[in-house]
Amino acid sequence: MRIGILTVSDRASRGEYEDQSGPALRELLRERFGGDVDRARVVPDESAEITRALVAWCDDEKLDLILTTGGTGFAPRDVTPEATRAVIERDAPGLVQAMLAASLQKTPHAMLSRMVAGIRGRTLIVNLPGSPKAACENLAVILPALPHALELLQGKDSQHQAVD
């Protein structure tokens, strides 16, 4: 499984703030899958930068999974969902619904999330919140389904069992 983590943050991209969500997601993936992340990058909250990174990782790098973190809220510069919608070819709303349902059990603020999940080619893209805790909690919700989803995207006949 080839994975990329794209952190979307103006402050982190300028070096004013150390990215914490990207490394937290990397550690969670390492614990669950034993592998490492193939690509990690920090970009500002700029739609063109986000779409450029997503397209390159999907089309050129042929990553299996791209996780974005940040830019999914109501702030004026939160444009990650729009940038993601611009590049995906098919929606994956069940992933977002699962994350939202679980998050609403923890905080009513979860309803302010505008996460998107979808497919470009054979790559699954999932938006996650910008906070390290929320990003990891949301990823943990969908982790059991990801191996099977990625096998299906690769055209494999999967009998994969859910990962706990």
# chains A, B, ... in the order shown; residues from 1 in each chain; ligands from 1
$ select_by_dssp --residues "stretch 43-147 of chain A" --states "strand (DSSP E)" --output "NGL selection string"
:A and (43 or 65-69 or 90-91 or 117-120 or 123-128)
$ residues_around --residues "A:His109" --least-positions-apart "3" --cutoff "12 Å" --atoms "only C-alpha atoms" --output "list in words"
Gly73, Phe74, Leu100, Ala101, Ser103, Leu104, Gln105, Lys106, Leu112, Ser113, Arg114, Pro129 and Ala134 of chain A
$ closest_residue --among "A:Ile125, A:Ile50, A:Val55, A:Ala92" --to "A:Ile3" --atoms "only C-alpha atoms"
A:Ile125
$ residues_around --residues "A:Arg32" --least-positions-apart "5" --cutoff "12 Å" --atoms "only C-alpha atoms" --output "MDAnalysis selection string"
chainID A and resid 25:27 136 139:140 142:144 146:147 163:164
$ write_last_selection --atoms "C-alpha atoms" --output "compact mmCIF listing (two decimals), in the first residue's frame"
# COMPACT_ATOMS: atom_id res chain seq x y z
CA LEU A 25 -1.35 10.05 11.08
CA ARG A 26 1.95 8.51 9.97
CA GLU A 27 2.40 6.91 13.40
CA CYS A 136 -6.43 10.18 14.04
CA LEU A 139 -8.85 7.73 10.35
CA ALA A 140 -9.27 5.03 13.01
CA ILE A 142 -12.31 3.94 8.47
CA LEU A 143 -9.09 1.94 8.90
CA PRO A 144 -10.87 -1.44 9.10
CA LEU A 146 -9.30 0.55 3.89
CA PRO A 147 -7.38 -2.65 2.94
CA VAL A 163 -8.82 -5.09 10.32
CA ASP A 164 -9.55 -4.35 13.98
$ closest_residue --among "A:Ala102, A:Val116, A:Leu95, A:Val43" --to "A:Ala145" --atoms "only C-alpha atoms"
A:Leu95
